[in-house]
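Notes follow the structure.
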Amino acid sequence: MRRWAEFVLRHRKAVVGFWGLVLVAGILLAGRTTDRLTIDFSLPGQPGTVTAHRIERTFGSGGDTNPYLVSVTLPAGQTVTGHETDVGRVFTAVGTAVPGLRVIDEANTGDKAFRTKDDRTAYALVFYRFNPSPSQKLLTDPIRSAAQKAVPAGAAVGVTGEDVLASGGNNGGGPGVLGETLLGAVGALAVLAFVFASFLALLPLVVAAVSILATFVMLLPLTYATDVSFIVQFLVALIGLGVAIDYSLLFVTRWREERDRGRDNHDAVVVAMERAGHAVLFSGVTVAIGLLALVVLPVPFMRSMGYGGALIPLASVLTTLTLTPAILGGIGPRADWPKIRHENRASRFWTRWTAAVVRRRWIAAATALAALFALTGVFLGIKIGLASSESLAKSGPAYESLRTLERGGVPTGALTPMEVLVRTGQARTAAARLTGIDGVSSVLVPSGPAGNRGGQSIVVVIPDRETVNSKSVGVVKRVKSAADGLPGVLGVAGIGAAQIDFMHAVYGNFPLMLTIIALLTYVLLVRAFRSLLLPLKAVLLNLISLAATLGLMVIFWQDGHGSDAVFGIAATGAITFWIPLMVFAFLYGLSMDYEVFILSRIREEYDTGHSTDAAVIEGIGRTGRLVTSAALILFLAFAALASGPGTDLKTLATGLGIGILLDATIVRMLLVPSLVSLFGPWNWHLPGWAARPLRVAPSYPHAEPTKPPADQPTS
């Protein structure tokens, strides 16, 4: 790292010029990158996806989309009976006016399940063709417009469905990626101003801006090689902001410390690179490992988030280890004005806090573990799936339309019907066999092009309740099981079937993903800390912390103890199927950052001759404010992400934010110091047989004093 620092300092003008060009390229290309992102949650090769694609190819729509529910409510005193032709004309107009729709209603099924019990409201299932473009708008407005033009006098039109409810009935909302990034940057600047109390607070923001735009530049070629999920743009902007600032904050803080110790600017940059730069490099690799592990999952959109997400720490490390020292080597001392805060001694607060934790290490460890295990117990009750309709909207036309249908006896399962693809000759037989299944409300066999093309037919199965999570897809499993044994049945599609496939394909491979991450991280940290025990503790604590974070998400979102008060969103009843994996992949690496920051400094202090307890106190005294500030910056970035529209992004953002705060407080500032103190000399043991393959020197503990540490460790 010393030679790298010397190289950067010798060529600092060229380094700054290079990143200036990258900044310009990023500004010019970021829009093109985001335009090429896609929305695609399909699972190639899985039964539900295969059937959905066959339905889409044959019928032009449906298969992997939840339908719109278009309703017509007649005026008081009128009933659907006697007005069947007028009502049917509305649904026909919808199918004619908007290309690519497939309308299933009473007219082509002959089934009165499409009426409410009071006979005043009729509805139709309107399937549409999925469009993977993030800029694609909902079809709510054109569908409503077509229906209103044909509606009988005095009647009311309603349009609802899972997608309409999730959007709140509109196609936009929220500040957008740029606005969210600016919100996060403002919050980060406030924290940095407190930490540095000088114009140096602007430097991490400059580095973060370059890092984010560099990531978008690197992401563009990837969009030509494979589909990349639209979610990546939010991750690049907001997580990229937090990670780049955190890394630069660590580097600049160490540079400041060395300057306050009397080193000249050149030497201060070099030492900062040797110490903080080393920690940044290992931290970035750890974050990348957590994300790249997603590529073992047989799901394209998860893989794309793994590839795209791994670019975030890569860009952050590159900019931090090149642009930051180049700027510090040139104008660093002048930018550090006014010089109000100094780094020539450890934080008094964190020194006293850690000394108290070390003195009461058994109590501290037991308290922290009890809290984490209690939250882990809550996590065991998690439901994987989609948000329930009750949490998607509490007002608006789509909400009122759904309430009208529910009051009329229409089951919420109409929001998530199953589509059974069957050969036309066996359609009626299959429908009769599926009718008696527990949890099925009605089975419909559409005639005409809406349900019969090319010798294939679709049997629509309406469950009693919407099948949106792992606990409510039992009826889908029963339908799939029954359909598999029926002649002529080609497959079952729908959101419930997709969830079953996802649970099998993704969570079935999760143990492999977890094993890969744990092993790679352990080996990496053994080399970084020169210890067998510290990396094992780090990996285990990370896993416990992640389980506790998911437990908090269950409390906040699934059970609604917080989501309603903070966001006005009722209990979701489940955590969206892809979010736990994303929370795991990002938090595993991000929280390990703090472990590396803290333990690297503790190891450094121990190597200078301090006892384990004194090294813990001095190490956290030096890094406590840094870690809490870094965690707060990341939390503010996630808070900005939570300001955007859509329950899923809010859930992801709050999960990441809660996890960062939990990890930086209970785990890193309570559990880590208490456990390292308890382990004593065993922390520093790395025998020769383990050190040789890693090409590091063996490590053995030195003799330690038995006297308990005071609030201020002696040097």
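All residue names refer to the structure tokens as shown: chains lettered A, B, ... in order, residues numbered from 1 in each chain, ligands numbered from 1 in order.
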Write out as a VMD selection string which residues come within 8 Å of Asp163 (chain A) when counting only C-alpha atoms, dropping same-chain ones fewer than 4 positions away. chain A and resid 66 68 138 167
Mind listing the helix (DSSP H, G or I) residues of region 407-488 of chain A, per DSSP on the backbone, as a ChimeraX atom specification? /A:407,412-415,424-435,448-450,474-484
Please produce a file of those selected residues containing C-alpha atoms, as a short mmCIF file (atom, residue, chain, number, x, y, z; two decimals), in the first residue's frame.
```cif
data_model
loop_
_atom_site.label_atom_id
_atom_site.label_comp_id
_atom_site.auth_asym_id
_atom_site.auth_seq_id
_atom_site.Cartn_x
_atom_site.Cartn_y
_atom_site.Cartn_z
CA ARG A 407 -68.79 -5.88 0.00
CA THR A 412 -59.88 -10.97 -2.89
CA GLY A 413 -58.53 -14.04 -4.67
CA ALA A 414 -59.79 -12.39 -7.87
CA LEU A 415 -56.72 -10.14 -7.57
CA THR A 424 -58.99 -27.55 -25.39
CA GLY A 425 -60.58 -31.01 -25.47
CA GLN A 426 -59.90 -31.54 -21.75
CA ALA A 427 -60.70 -28.00 -20.51
CA ARG A 428 -64.18 -28.76 -19.14
CA THR A 429 -63.04 -31.97 -17.50
CA ALA A 430 -60.10 -30.22 -15.84
CA ALA A 431 -62.35 -27.39 -14.63
CA ALA A 432 -64.77 -29.86 -13.06
CA ARG A 433 -61.95 -31.63 -11.21
CA LEU A 434 -60.45 -28.35 -9.92
CA THR A 435 -63.77 -26.97 -8.70
CA GLY A 448 -63.62 -17.48 -27.77
CA PRO A 449 -60.17 -15.93 -28.29
CA ALA A 450 -59.93 -14.81 -24.63
CA GLY A 474 -51.48 -23.57 0.01
CA VAL A 475 -54.42 -23.47 -2.39
CA VAL A 476 -52.01 -22.95 -5.30
CA LYS A 477 -50.04 -26.01 -4.25
CA ARG A 478 -53.26 -28.04 -4.09
CA VAL A 479 -54.33 -26.84 -7.54
CA LYS A 480 -50.90 -27.61 -9.00
CA SER A 481 -50.91 -31.06 -7.43
CA ALA A 482 -54.37 -31.84 -8.77
CA ALA A 483 -53.62 -30.39 -12.21
CA ASP A 484 -50.44 -32.44 -12.60
#
```
Using only C-alpha atoms, which of A:Gly488, A:Gly655, A:Pro511, A:Gly95 sits nearest Val554 (chain A)?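 Once distances to Val554 (chain A) are computed over only C-alpha atoms, the minimum belongs to A:Gly655.
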Check the smallest atom-to-atom distance from each of A:Leu512, A:Ile384, A:Leu9, A:Leu670 to Gly329 (chain A) using only C-alpha atoms, then report the winner.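 That would be A:Leu9, the residue with the smallest distance to Gly329 (chain A).
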Check the smallest atom-to-atom distance from each of A:Leu550, A:Ile658, A:Val252, A:Leu37 to Glu343 (chain A) using only C-alpha atoms, then report the winner.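 Among the listed residues, A:Val252 lies closest to Glu343 (chain A).
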Which residues are near region 563-569 of chain A? Cut-off 10 Å, only C-alpha atoms, ignore same chain within fewer than 5 positions. Put them as an NGL selection string. :A and (390-394 or 553 or 555-558 or 642-643 or 647 or 650-651 or 654)
So that I can check the surroundings of Phe597 (chain A), please list as a PyMOL selection string every protein, DNA and RNA residue that reaches within 9 Å of it, counting only C-alpha atoms and ignoring chain neighbours fewer than 5 positions away. chain A and resi 250+276+279-280+283+592+602+623+626-627
Take the residues from that selection and write them out as a short mmCIF file (atom, residue, chain, number, x, y, z; two decimals), in the first residue's frame, keeping all heavy atoms.
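Now in again16.cif:
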```
data_model
loop_
_atom_site.label_atom_id
_atom_site.label_comp_id
_atom_site.auth_asym_id
_atom_site.auth_seq_id
_atom_site.Cartn_x
_atom_site.Cartn_y
_atom_site.Cartn_z
N LEU A 250 -13.19 7.29 6.45
CA LEU A 250 -12.18 6.52 7.17
C LEU A 250 -10.78 6.98 6.77
O LEU A 250 -9.91 7.19 7.63
CB LEU A 250 -12.35 5.04 6.86
CG LEU A 250 -11.30 4.09 7.46
CD1 LEU A 250 -11.40 4.08 8.98
CD2 LEU A 250 -11.47 2.68 6.91
N ALA A 276 -5.58 2.93 6.93
CA ALA A 276 -6.99 3.02 6.54
C ALA A 276 -7.22 2.43 5.15
O ALA A 276 -8.24 1.78 4.90
CB ALA A 276 -7.44 4.48 6.57
N ALA A 279 -7.74 -1.23 5.33
CA ALA A 279 -9.08 -1.57 5.82
C ALA A 279 -10.13 -1.34 4.74
O ALA A 279 -11.07 -2.13 4.59
CB ALA A 279 -9.41 -0.75 7.06
N VAL A 280 -9.99 -0.25 3.98
CA VAL A 280 -10.94 0.04 2.89
C VAL A 280 -10.91 -1.07 1.85
O VAL A 280 -11.96 -1.52 1.37
CB VAL A 280 -10.61 1.41 2.25
CG1 VAL A 280 -11.34 1.57 0.92
CG2 VAL A 280 -10.98 2.54 3.19
N SER A 283 -12.58 -4.15 3.22
CA SER A 283 -14.01 -3.90 3.36
C SER A 283 -14.71 -3.99 2.01
O SER A 283 -15.78 -4.59 1.88
CB SER A 283 -14.25 -2.52 3.98
OG SER A 283 -13.75 -2.45 5.29
N MET A 592 -20.06 -5.71 7.79
CA MET A 592 -18.71 -6.21 7.95
C MET A 592 -17.68 -5.09 7.80
O MET A 592 -16.57 -5.17 8.33
CB MET A 592 -18.43 -7.32 6.94
CG MET A 592 -17.18 -8.13 7.25
SD MET A 592 -17.31 -9.07 8.78
CE MET A 592 -18.22 -10.51 8.20
N ILE A 602 -8.06 -2.25 16.47
CA ILE A 602 -7.74 -2.99 17.69
C ILE A 602 -6.49 -3.84 17.47
O ILE A 602 -5.61 -3.89 18.33
CB ILE A 602 -8.94 -3.86 18.11
CG1 ILE A 602 -10.12 -2.99 18.55
CG2 ILE A 602 -8.54 -4.81 19.24
CD1 ILE A 602 -11.38 -3.77 18.87
N THR A 623 -12.14 4.64 16.79
CA THR A 623 -13.04 4.36 15.66
C THR A 623 -14.52 4.52 16.00
O THR A 623 -15.36 4.47 15.10
CB THR A 623 -12.83 2.92 15.16
OG1 THR A 623 -13.05 2.00 16.24
CG2 THR A 623 -11.42 2.73 14.62
N LEU A 626 -16.15 7.44 14.32
CA LEU A 626 -16.10 7.17 12.89
C LEU A 626 -17.19 6.20 12.47
O LEU A 626 -17.93 6.44 11.50
CB LEU A 626 -14.73 6.62 12.53
CG LEU A 626 -14.55 6.04 11.12
CD1 LEU A 626 -14.68 7.14 10.09
CD2 LEU A 626 -13.21 5.34 11.00
N VAL A 627 -17.32 5.08 13.20
CA VAL A 627 -18.30 4.06 12.83
C VAL A 627 -19.72 4.58 13.00
O VAL A 627 -20.57 4.35 12.13
CB VAL A 627 -18.07 2.78 13.67
CG1 VAL A 627 -19.25 1.82 13.53
CG2 VAL A 627 -16.79 2.09 13.24
#
```
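Within 6 Å of Val228 (chain A), once only C-alpha atoms are used and residues closer than 3 positions along the same chain are dropped, the contacting residues are A:Leu37, A:Thr38, A:Thr223, A:Ser304.
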Those same residues, written as an mmCIF file, in the first residue's frame with C-alpha atoms?
```cif
data_model
loop_
_atom_site.group_PDB
_atom_site.id
_atom_site.type_symbol
_atom_site.label_atom_id
_atom_site.label_comp_id
_atom_site.auth_asym_id
_atom_site.auth_seq_id
_atom_site.Cartn_x
_atom_site.Cartn_y
_atom_site.Cartn_z
ATOM 1 C CA LEU A 37 -32.615 -1.165 -17.135
ATOM 2 C CA THR A 38 -35.547 -3.583 -17.024
ATOM 3 C CA THR A 223 -26.757 -3.736 -19.733
ATOM 4 C CA SER A 304 -28.083 -8.702 -12.209
#
```
All residues 8 Å or closer to Val271 (chain A), only C-alpha atoms, same chain fewer than 4 positions away omitted, as a PyMOL selection string: chain A and resi 2+255+258+267+275
Could you write out the selected residues, including N, CA, C and O atoms, as a CSV table (one decimal), in the first residue's frame?
```
chain,number,residue,atom,x,y,z
A,2,ARG,N,2.1,1.2,0.6
A,2,ARG,CA,3.0,2.3,0.6
A,2,ARG,C,3.4,2.7,-0.8
A,2,ARG,O,3.3,3.9,-1.2
A,255,TRP,N,-5.8,10.3,7.9
A,255,TRP,CA,-4.9,11.3,7.5
A,255,TRP,C,-4.8,12.4,8.5
A,255,TRP,O,-3.7,12.9,8.8
A,258,GLU,N,-2.9,11.4,11.6
A,258,GLU,CA,-1.4,11.4,11.4
A,258,GLU,C,-0.9,12.9,11.3
A,258,GLU,O,0.2,13.1,11.8
A,267,ASP,N,3.8,12.3,4.3
A,267,ASP,CA,3.9,11.1,5.1
A,267,ASP,C,2.5,10.7,5.7
A,267,ASP,O,2.2,9.5,5.9
A,275,ARG,N,-2.7,2.2,6.6
A,275,ARG,CA,-3.6,1.7,7.7
A,275,ARG,C,-5.0,1.7,7.2
A,275,ARG,O,-5.7,0.7,7.1
```
Restricting to only C-alpha atoms, whichever of A:Leu486, A:Ile495, A:Val16, A:Phe7 is closest to Glu162 (chain A) is A:Ile495
Compare A:Thr416, A:Ser677, A:Ser545, A:Asn344 by their minimum atom-to-atom distance to Gly262 (chain A), counting only C-alpha atoms, and give me the closest one.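 Using only C-alpha atoms, Gly262 (chain A) sits closest to A:Asn344.
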Might you pull out every residue within 12 Å of Trp689 (chain A), with only C-alpha atoms counted and same-chain residues fewer than 6 positions away left off, and present them as number ranges by chain? A: 532, 695-699
